[in-house]
$ cat model.cif   # mmCIF, C-alpha atoms
data_final
#
loop_
_atom_site.label_atom_id
_atom_site.label_comp_id
_atom_site.auth_asym_id
_atom_site.auth_seq_id
_atom_site.Cartn_x
_atom_site.Cartn_y
_atom_site.Cartn_z
CA MET A 1 -298.47 -74.91 91.44
CA LEU A 2 -297.36 -76.15 88.09
CA ASN A 3 -293.73 -76.26 87.00
CA PHE A 4 -292.76 -76.30 83.35
CA SER A 5 -289.25 -77.04 82.14
CA TYR A 6 -288.12 -75.96 78.74
CA SER A 7 -284.97 -76.99 76.87
CA PRO A 8 -284.27 -74.85 73.85
CA ASN A 9 -281.71 -77.41 72.54
CA MET A 10 -284.04 -80.46 72.21
CA PRO A 11 -285.23 -79.86 68.61
CA GLU A 12 -281.71 -79.09 67.53
CA GLN A 13 -280.33 -82.39 69.06
CA GLU A 14 -283.05 -84.42 67.33
CA ASN A 15 -282.23 -82.74 64.02
CA ILE A 16 -278.50 -83.56 64.40
CA GLN A 17 -279.24 -87.24 65.12
CA TYR A 18 -281.54 -87.44 62.07
CA ARG A 19 -278.90 -85.87 59.82
CA LYS A 20 -276.26 -88.27 61.20
CA PHE A 21 -278.47 -91.29 60.47
CA THR A 22 -279.14 -90.02 56.95
CA LEU A 23 -275.41 -89.51 56.32
CA ASP A 24 -274.58 -92.98 57.65
CA LYS A 25 -277.20 -94.56 55.41
CA ARG A 26 -275.87 -92.73 52.37
CA TYR A 27 -272.35 -93.84 53.27
CA LEU A 28 -273.41 -97.49 53.49
CA VAL A 29 -275.16 -97.31 50.13
CA PHE A 30 -272.10 -95.66 48.61
CA CYS A 31 -269.80 -98.41 49.99
CA PHE A 32 -272.16 -101.11 48.73
CA PHE A 33 -272.08 -99.81 45.17
CA ILE A 34 -268.31 -99.38 45.34
CA ALA A 35 -267.98 -103.05 46.40
CA VAL A 36 -270.30 -104.23 43.61
CA SER A 37 -268.32 -102.18 41.11
CA LEU A 38 -265.06 -103.69 42.30
CA ILE A 39 -266.46 -107.22 42.03
CA LEU A 40 -267.76 -106.60 38.52
CA TRP A 41 -264.46 -105.04 37.52
CA LEU A 42 -262.54 -108.00 38.96
CA MET A 43 -264.77 -110.50 37.15
CA ILE A 44 -264.27 -108.67 33.87
CA LYS A 45 -260.52 -108.63 34.39
CA LEU A 46 -260.38 -112.32 35.36
CA THR A 47 -262.28 -113.37 32.24
CA ALA A 48 -259.60 -111.75 30.08
CA GLU A 49 -256.58 -113.73 28.90
CA TYR A 50 -253.12 -113.18 30.37
CA SER A 51 -249.66 -114.67 30.02
CA ALA A 52 -248.10 -116.14 33.13
CA ASN A 53 -245.30 -118.46 34.24
CA LEU A 54 -246.62 -121.56 36.05
CA GLN A 55 -244.07 -123.48 38.08
CA PHE A 56 -244.50 -127.25 38.57
CA ASN A 57 -242.59 -130.11 40.15
CA LEU A 58 -242.61 -132.88 37.56
CA LYS A 59 -243.38 -136.34 38.93
CA ILE A 60 -242.39 -139.02 36.44
CA ASN A 61 -244.09 -142.39 36.65
CA ASN A 62 -241.63 -145.27 36.44
CA SER A 63 -242.00 -148.85 35.15
CA LEU A 64 -241.05 -148.08 31.58
CA THR A 65 -240.45 -150.72 28.93
CA GLY A 66 -236.77 -151.58 28.63
CA GLY A 67 -235.68 -149.93 31.85
CA THR A 68 -236.82 -148.41 35.10
CA TYR A 69 -236.34 -144.66 34.90
CA VAL A 70 -235.61 -142.98 38.18
CA ASP A 71 -236.87 -139.53 39.02
CA ASP A 72 -234.07 -139.05 41.55
CA GLN A 73 -233.97 -135.28 41.14
CA ASN A 74 -236.56 -132.62 41.72
CA ASN A 75 -237.40 -132.04 38.06
CA GLU A 76 -238.83 -128.54 38.06
CA ILE A 77 -240.37 -127.08 34.93
CA ILE A 78 -241.76 -123.63 34.20
CA ILE A 79 -244.60 -123.39 31.73
CA GLN A 80 -245.20 -120.06 30.07
CA ALA A 81 -248.89 -120.20 29.35
CA LYS A 82 -251.75 -118.07 28.15
CA ALA A 83 -255.04 -118.51 29.96
CA ARG A 84 -257.95 -116.69 31.53
CA GLY A 85 -257.36 -114.84 34.76
CA PHE A 86 -259.59 -117.21 36.74
CA TYR A 87 -257.43 -120.19 35.74
CA ILE A 88 -254.15 -118.44 36.51
CA MET A 89 -255.36 -117.19 39.87
CA ARG A 90 -256.59 -120.68 40.85
CA ARG A 91 -253.23 -122.18 39.93
CA GLN A 92 -251.24 -119.54 41.79
CA LEU A 93 -253.27 -120.02 44.98
CA ARG A 94 -252.30 -123.68 45.24
CA THR A 95 -249.54 -124.44 47.72
CA ARG A 96 -248.23 -127.48 45.82
CA HIS A 97 -247.85 -127.72 42.07
CA ILE A 98 -247.16 -131.29 40.99
CA LEU A 99 -247.48 -132.43 37.41
CA SER A 100 -247.60 -136.23 37.06
CA ILE A 101 -246.51 -137.54 33.65
CA ASP A 102 -246.64 -141.14 32.42
CA LEU A 103 -243.71 -141.69 30.07
CA LYS A 104 -244.46 -145.29 29.08
CA ASP A 105 -244.94 -144.53 25.38
CA LYS A 106 -242.39 -141.73 25.03
CA LYS A 107 -239.36 -141.88 22.77
CA PHE A 108 -236.01 -141.27 24.43
CA THR A 109 -232.64 -140.13 23.15
CA PRO A 110 -229.72 -141.77 24.98
CA GLY A 111 -227.46 -139.23 26.64
CA LYS A 112 -223.74 -139.30 25.90
CA ASN A 113 -222.47 -138.15 29.28
CA PRO A 114 -222.89 -139.52 31.86
CA ALA A 115 -223.85 -143.13 31.21
CA ASN A 116 -227.33 -144.45 32.06
CA MET A 117 -228.95 -141.16 31.17
CA VAL A 118 -231.59 -140.26 28.61
CA LYS A 119 -232.65 -136.91 27.22
CA LEU A 120 -236.34 -136.07 27.13
CA PRO A 121 -237.30 -132.96 25.11
CA THR A 122 -240.09 -131.29 27.02
CA VAL A 123 -241.79 -130.25 23.76
CA ASN A 124 -242.78 -133.92 23.43
CA MET A 125 -244.77 -133.57 26.65
CA LYS A 126 -246.93 -130.68 25.44
CA ASP A 127 -250.00 -132.79 24.57
CA LYS A 128 -249.73 -134.67 27.87
CA ILE A 129 -249.51 -131.39 29.79
CA LEU A 130 -252.62 -130.08 28.01
CA ASP A 131 -254.50 -133.27 28.89
CA ILE A 132 -253.69 -132.71 32.57
CA LEU A 133 -254.02 -128.92 32.81
CA GLY A 134 -256.99 -128.68 30.47
CA ARG A 135 -257.52 -127.45 26.96
CA ASP A 136 -258.48 -123.96 28.16
CA ILE A 137 -254.80 -123.15 28.56
CA GLU A 138 -252.37 -122.38 25.73
CA VAL A 139 -248.80 -123.57 26.36
CA ILE A 140 -246.33 -121.13 24.81
CA THR A 141 -242.96 -122.45 26.05
CA ILE A 142 -241.65 -125.03 28.51
CA GLU A 143 -238.42 -124.52 30.38
CA PRO A 144 -236.06 -126.28 30.44
CA ASP A 145 -236.38 -127.53 26.88
CA THR A 146 -234.76 -130.88 27.82
CA LEU A 147 -234.92 -133.09 30.90
CA TYR A 148 -232.06 -135.46 31.76
CA LEU A 149 -233.30 -138.63 33.43
CA ASN A 150 -231.15 -141.27 35.08
CA TYR A 151 -232.25 -144.85 34.60
CA SER A 152 -231.27 -148.28 35.81
CA VAL A 153 -231.59 -151.59 33.99
CA PRO A 154 -234.42 -153.48 35.70
CA SER A 155 -234.00 -156.76 37.56
CA SER A 156 -236.52 -159.59 37.76
CA LYS A 157 -237.33 -162.38 40.14
CA ARG A 158 -240.11 -164.89 40.70
CA VAL A 159 -242.20 -164.73 43.87
CA PRO A 160 -245.12 -166.87 45.10
CA VAL A 161 -248.71 -165.66 45.18
CA VAL A 162 -250.17 -165.60 48.70
CA LYS A 163 -253.86 -165.60 49.52
CA ASN A 164 -255.47 -162.59 51.16
CA PHE A 165 -259.08 -163.67 51.55
CA THR A 166 -261.42 -165.16 54.13
CA LEU A 167 -263.95 -167.94 53.70
CA SER A 168 -267.14 -168.93 55.48
CA PHE A 169 -269.27 -171.97 54.76
CA GLN A 170 -272.82 -173.14 55.13
CA ARG A 171 -273.43 -175.72 57.82
CA GLU A 172 -271.81 -179.11 57.15
CA TYR A 173 -269.69 -177.70 54.30
CA MET A 174 -265.93 -177.25 54.44
CA GLN A 175 -262.87 -176.62 52.33
CA THR A 176 -261.55 -180.09 51.50
CA ALA A 177 -258.14 -179.20 50.01
CA PRO A 178 -255.75 -176.25 49.82
CA ALA A 179 -256.55 -173.38 47.45
CA VAL A 180 -254.86 -173.71 44.06
CA PHE A 181 -253.58 -170.57 42.28
CA GLU A 182 -252.96 -170.40 38.55
CA PRO A 183 -250.25 -169.25 38.26
CA ASP A 184 -249.00 -169.91 41.79
CA SER A 185 -246.07 -167.52 41.27
CA ILE A 186 -245.33 -164.54 39.05
CA THR A 187 -242.30 -162.61 37.78
CA ILE A 188 -241.85 -159.10 39.15
CA THR A 189 -239.59 -156.50 37.54
CA GLY A 190 -238.11 -153.32 38.98
CA GLN A 191 -235.09 -151.81 40.67
CA GLN A 192 -232.97 -154.34 42.53
CA GLU A 193 -233.13 -152.47 45.83
CA ILE A 194 -236.93 -152.61 45.71
CA LEU A 195 -237.08 -156.28 44.68
CA ASP A 196 -234.84 -157.21 47.60
CA THR A 197 -237.64 -156.19 49.97
CA ILE A 198 -240.35 -158.25 48.22
CA ASN A 199 -240.70 -161.99 48.89
CA VAL A 200 -244.38 -162.57 48.03
CA VAL A 201 -247.26 -160.86 46.29
CA TYR A 202 -250.77 -160.83 47.74
CA THR A 203 -254.18 -161.02 46.20
CA VAL A 204 -256.50 -158.08 46.78
CA TYR A 205 -258.52 -158.77 49.93
CA GLN A 206 -261.91 -160.39 49.45
CA ASN A 207 -264.42 -162.14 51.71
CA PHE A 208 -266.37 -165.14 50.38
CA LEU A 209 -269.46 -165.96 52.42
CA HIS A 210 -271.74 -169.01 52.88
CA LEU A 211 -269.99 -171.30 50.44
CA ASN A 212 -271.65 -174.63 49.62
CA ASP A 213 -269.85 -175.52 46.40
CA LYS A 214 -266.38 -175.27 44.90
CA LEU A 215 -265.13 -171.74 44.34
CA GLU A 216 -263.64 -170.86 40.98
CA THR A 217 -262.93 -167.18 40.40
CA THR A 218 -260.29 -164.63 39.37
CA LEU A 219 -258.55 -162.37 41.87
CA SER A 220 -256.52 -159.24 41.20
CA LEU A 221 -253.04 -158.93 42.67
CA LYS A 222 -252.23 -156.10 45.04
CA GLU A 223 -250.04 -153.66 43.12
CA ILE A 224 -246.63 -152.51 44.33
CA GLU A 225 -245.42 -149.05 43.37
CA ASN A 226 -242.68 -148.97 40.73
CA VAL A 227 -242.81 -152.76 40.25
CA ALA A 228 -244.14 -154.42 37.09
CA PHE A 229 -246.02 -157.75 37.30
CA SER A 230 -245.99 -160.49 34.67
CA HIS A 231 -249.63 -161.17 35.66
CA ARG A 232 -252.15 -158.76 37.15
CA LYS A 233 -254.69 -161.45 38.01
CA VAL A 234 -254.68 -165.11 39.04
CA LYS A 235 -257.28 -167.83 38.88
CA ILE A 236 -258.18 -169.56 42.11
CA ASN A 237 -259.81 -172.93 42.73
CA ILE A 238 -261.03 -173.92 46.20
CA PRO A 239 -262.78 -177.31 46.60
CA VAL A 240 -265.78 -177.12 48.93
CA GLU A 241 -267.85 -180.19 49.80
CA ARG A 242 -270.37 -181.44 52.30
CA CYS A 243 -268.53 -183.12 55.17
CA THR A 244 -269.20 -185.39 58.10
CA GLU A 245 -267.44 -186.05 61.40
CA SER A 246 -266.56 -189.48 62.71
CA ASN A 247 -264.33 -191.03 65.38
CA ILE A 248 -262.38 -194.20 66.01
CA LYS A 249 -260.18 -195.63 68.77
CA LEU A 250 -256.64 -196.77 68.05
CA PRO A 251 -254.01 -198.64 70.04
CA ILE A 252 -250.90 -196.53 70.66
CA VAL A 253 -247.59 -198.01 69.51
CA VAL A 254 -244.44 -197.16 71.51
CA LEU A 255 -241.32 -196.46 69.45
CA ASN A 256 -237.67 -196.77 70.56
CA VAL A 257 -238.31 -198.83 73.70
CA PRO A 258 -235.01 -199.38 75.60
CA LEU A 259 -233.53 -202.89 75.75
CA PHE A 260 -234.66 -205.01 78.66
CA SER A 261 -237.55 -202.62 79.34
CA SER A 262 -241.27 -202.51 78.78
CA ILE A 263 -243.52 -199.44 78.62
CA LEU A 264 -247.06 -199.35 79.96
CA LEU A 265 -249.14 -196.45 78.61
CA LEU A 266 -251.99 -194.91 80.56
CA PRO A 267 -254.28 -194.95 78.62
CA SER A 268 -253.12 -197.35 75.92
CA GLN A 269 -255.61 -196.11 73.30
CA VAL A 270 -256.34 -192.77 71.70
CA GLU A 271 -259.63 -191.47 70.30
CA VAL A 272 -259.31 -189.94 66.84
CA LYS A 273 -261.99 -187.52 65.72
CA TYR A 274 -261.75 -186.69 62.05
CA ILE A 275 -263.65 -184.81 59.35
CA VAL A 276 -264.01 -186.18 55.85
CA ALA A 277 -266.00 -185.32 52.74
CA LEU A 278 -269.28 -187.18 52.69
CA LYS A 279 -268.45 -188.83 49.35
CA ASP A 280 -265.16 -190.17 50.75
CA TYR A 281 -266.56 -191.51 54.03
CA PRO A 282 -267.23 -195.06 52.69
CA HIS A 283 -263.59 -195.34 51.60
CA ILE A 284 -262.07 -194.63 55.03
CA ASN A 285 -260.32 -197.69 56.47
CA ILE A 286 -259.31 -197.88 60.13
CA ASP A 287 -256.13 -199.72 59.15
CA ASP A 288 -254.91 -196.54 57.46
CA PHE A 289 -254.64 -194.80 60.85
CA TYR A 290 -251.51 -195.31 62.97
CA ALA A 291 -250.83 -193.63 66.34
CA THR A 292 -247.46 -193.67 68.11
CA VAL A 293 -245.43 -192.24 70.99
CA ASP A 294 -241.63 -192.02 70.98
CA TYR A 295 -239.74 -192.97 74.15
CA LEU A 296 -236.75 -190.89 73.01
CA HIS A 297 -238.85 -187.77 73.55
CA THR A 298 -239.12 -188.47 77.28
CA ASP A 299 -238.04 -185.61 79.53
CA SER A 300 -236.05 -187.37 82.23
CA SER A 301 -235.88 -184.18 84.35
CA ALA A 302 -239.67 -183.90 84.58
CA SER A 303 -241.38 -185.19 87.71
CA ILE A 304 -244.29 -186.51 85.65
CA HIS A 305 -243.41 -188.61 82.62
CA LYS A 306 -245.66 -187.97 79.65
CA LEU A 307 -245.40 -188.68 75.94
CA ARG A 308 -247.07 -186.84 73.08
CA VAL A 309 -249.35 -188.93 70.89
CA ILE A 310 -248.66 -188.48 67.18
CA LEU A 311 -250.84 -189.66 64.32
CA THR A 312 -248.12 -190.82 61.96
CA SER A 313 -250.47 -192.15 59.29
CA LYS A 314 -253.98 -191.30 58.12
CA PRO A 315 -256.03 -191.56 54.91
CA HIS A 316 -255.35 -188.72 52.47
CA GLN A 317 -259.09 -187.94 52.27
CA VAL A 318 -259.19 -186.89 55.94
CA ILE A 319 -259.40 -183.10 56.28
CA SER A 320 -258.65 -182.58 59.96
CA VAL A 321 -258.09 -184.69 63.05
CA LYS A 322 -258.22 -184.20 66.79
CA LEU A 323 -256.62 -186.59 69.27
CA SER A 324 -257.88 -187.27 72.77
CA PRO A 325 -255.79 -187.43 74.85
CA GLU A 326 -252.87 -185.58 73.26
CA PHE A 327 -250.46 -186.79 75.98
CA VAL A 328 -250.32 -190.12 77.88
CA ASP A 329 -248.60 -191.15 81.06
CA PHE A 330 -246.33 -194.17 81.05
CA ILE A 331 -244.75 -196.60 83.49
CA GLN A 332 -241.41 -198.16 82.65
CA HIS A 333 -240.56 -201.71 83.83
CA ARG A 334 -237.04 -203.09 83.62
CA GLU A 335 -236.71 -206.80 83.02
#

$ encode --input "model.cif" --output "structure tokens"
Amino acid sequence: MLNFSYSPNMPEQENIQYRKFTLDKRYLVFCFFIAVSLILWLMIKLTAEYSANLQFNLKINNSLTGGTYVDDQNNEIIIQAKARGFYIMRRQLRTRHILSIDLKDKKFTPGKNPANMVKLPTVNMKDKILDILGRDIEVITIEPDTLYLNYSVPSSKRVPVVKNFTLSFQREYMQTAPAVFEPDSITITGQQEILDTINVVYTVYQNFLHLNDKLETTLSLKEIENVAFSHRKVKINIPVERCTESNIKLPIVVLNVPLFSSILLLPSQVEVKYIVALKDYPHINIDDFYATVDYLHTDSSASIHKLRVILTSKPHQVISVKLSPEFVDFIQHRE
């Protein structure tokens, strides 16, 4: 026996689903064209020119000739400008608006009240503002029309130049004398409270590798904000020569021996290892070396009496020395 089931609503349900899909598709197409239209409309509007007020915090660079001008207030300016919508929108979306102006070459009018104040008409800054913001913008007005800047008469002092570099040498080569700077010190100028914190100036860091000859070069000095330098660069000369190592043995001389006493050192000689430039080696004389210990440096409270060996004299050509031993024992005999 065959059973047939029949649902009179099946064609109607399929028709409803088809119509729903067709309506949804038309809706999506409609929304797409609406979105495209809005984008095109927005682009057309943003390419048009508009007037707007752009607000900036003015950062004034210091180190001016004749005085150090202090931007000790939040100098806020409002620029009424005419520009395309894209430019204005981009500026308005920024969270910070800082306009940095270098006033080194600007002309100032001394203010009457209070003292140590100058007046800066903002109209004089128009070209500088256009250089920073771009020539696509037209500046109509700048408010305020005058900025009042406090300034302080700069102080000066001389500070030494300090090295900030590392050296490495080829085998058997060494630096044979201290580095020489020209100049070895410079004059710095700025506000007194800043200069009080500066005792030296450093060269910009550099690494010189595998040296086998004297180094003559120019190094820049590391800048310090709001401080002017009399020199921005220094010449440096570092002698580098081929060296050799040698050693000698010296008798140790005891200084400040007490009356009616004698001192026996153990050992009584010291080995001196030294490095010297190869060209100077023939000129080294053993008589130019002198090793001593000083009895007055004895620590009477120590259970073991030792004295430090000191090389009190050596040839000036010698670069470095190493003593062995550095300390000696001693026995004191009273007569």

$ resolve_selection --input "model.cif" --expression "the PyMOL selection byres ((chain A and resi 163) around 9)" --output "list in words"
Val161, Val162, Asn164, Phe165, Thr166, Ala179, Phe181, Val201, Tyr202, Thr203, Val204 and Tyr205 of chain A

$ resolve_selection --input "model.cif" --expression "the PyMOL selection byres ((chain A and resi 251) around 12)" --output "PyMOL selection string"
chain A and resi 248-250+252-254+265-272+286-287+289-293+309-311

$ resolve_selection --input "model.cif" --expression "the PyMOL selection byres ((chain A and resi 334) around 7)" --output "PyMOL selection string"
chain A and resi 260-262+332-333+335

$ axis_aligned_box --input "model.cif" --around "region 218-234 of chain A" --padding-each-side "5 Å" --output "lines of an AutoDock Vina configuration file"
center_x = -251.5
center_y = -157.0
center_z = 39.9
size_x = 27.6
size_y = 26.1
size_z = 20.4

$ atom_distance --input "model.cif" --atom1 "CA of Pro121 (chain A)" --atom2 "CA of Asn150 (chain A)"
14.4 Å

$ closest_residue --input "model.cif" --among "A:Ser220, A:Thr298, A:Ser320, A:Ser51" --to "Ala81 (chain A)" --atoms "all atoms listed in the file"
A:Ser51

$ atom_distance --input "model.cif" --atom1 "CA of Ile331 (chain A)" --atom2 "CA of Ile263 (chain A)"
5.8 Å

$ closest_residue --input "model.cif" --among "A:Leu264, A:Tyr27, A:Val240, A:Val118" --to "Phe330 (chain A)" --atoms "all atoms listed in the file"
A:Leu264

$ atom_distance --input "model.cif" --atom1 "CA of Ser230 (chain A)" --atom2 "CA of Thr189 (chain A)"
8.1 Å

$ residues_near_point --input "model.cif" --point "(-241.0, -162.1, 42.4)" --cutoff "8 Å" --atoms "only C-alpha atoms" --output "MDAnalysis selection string"
chainID A and resid 156:160 185:189 195 198:201

$ closest_residue --input "model.cif" --among "A:Thr217, A:Thr141, A:Gln192, A:Gln55" --to "Ile236 (chain A)" --atoms "only C-alpha atoms"
A:Thr217
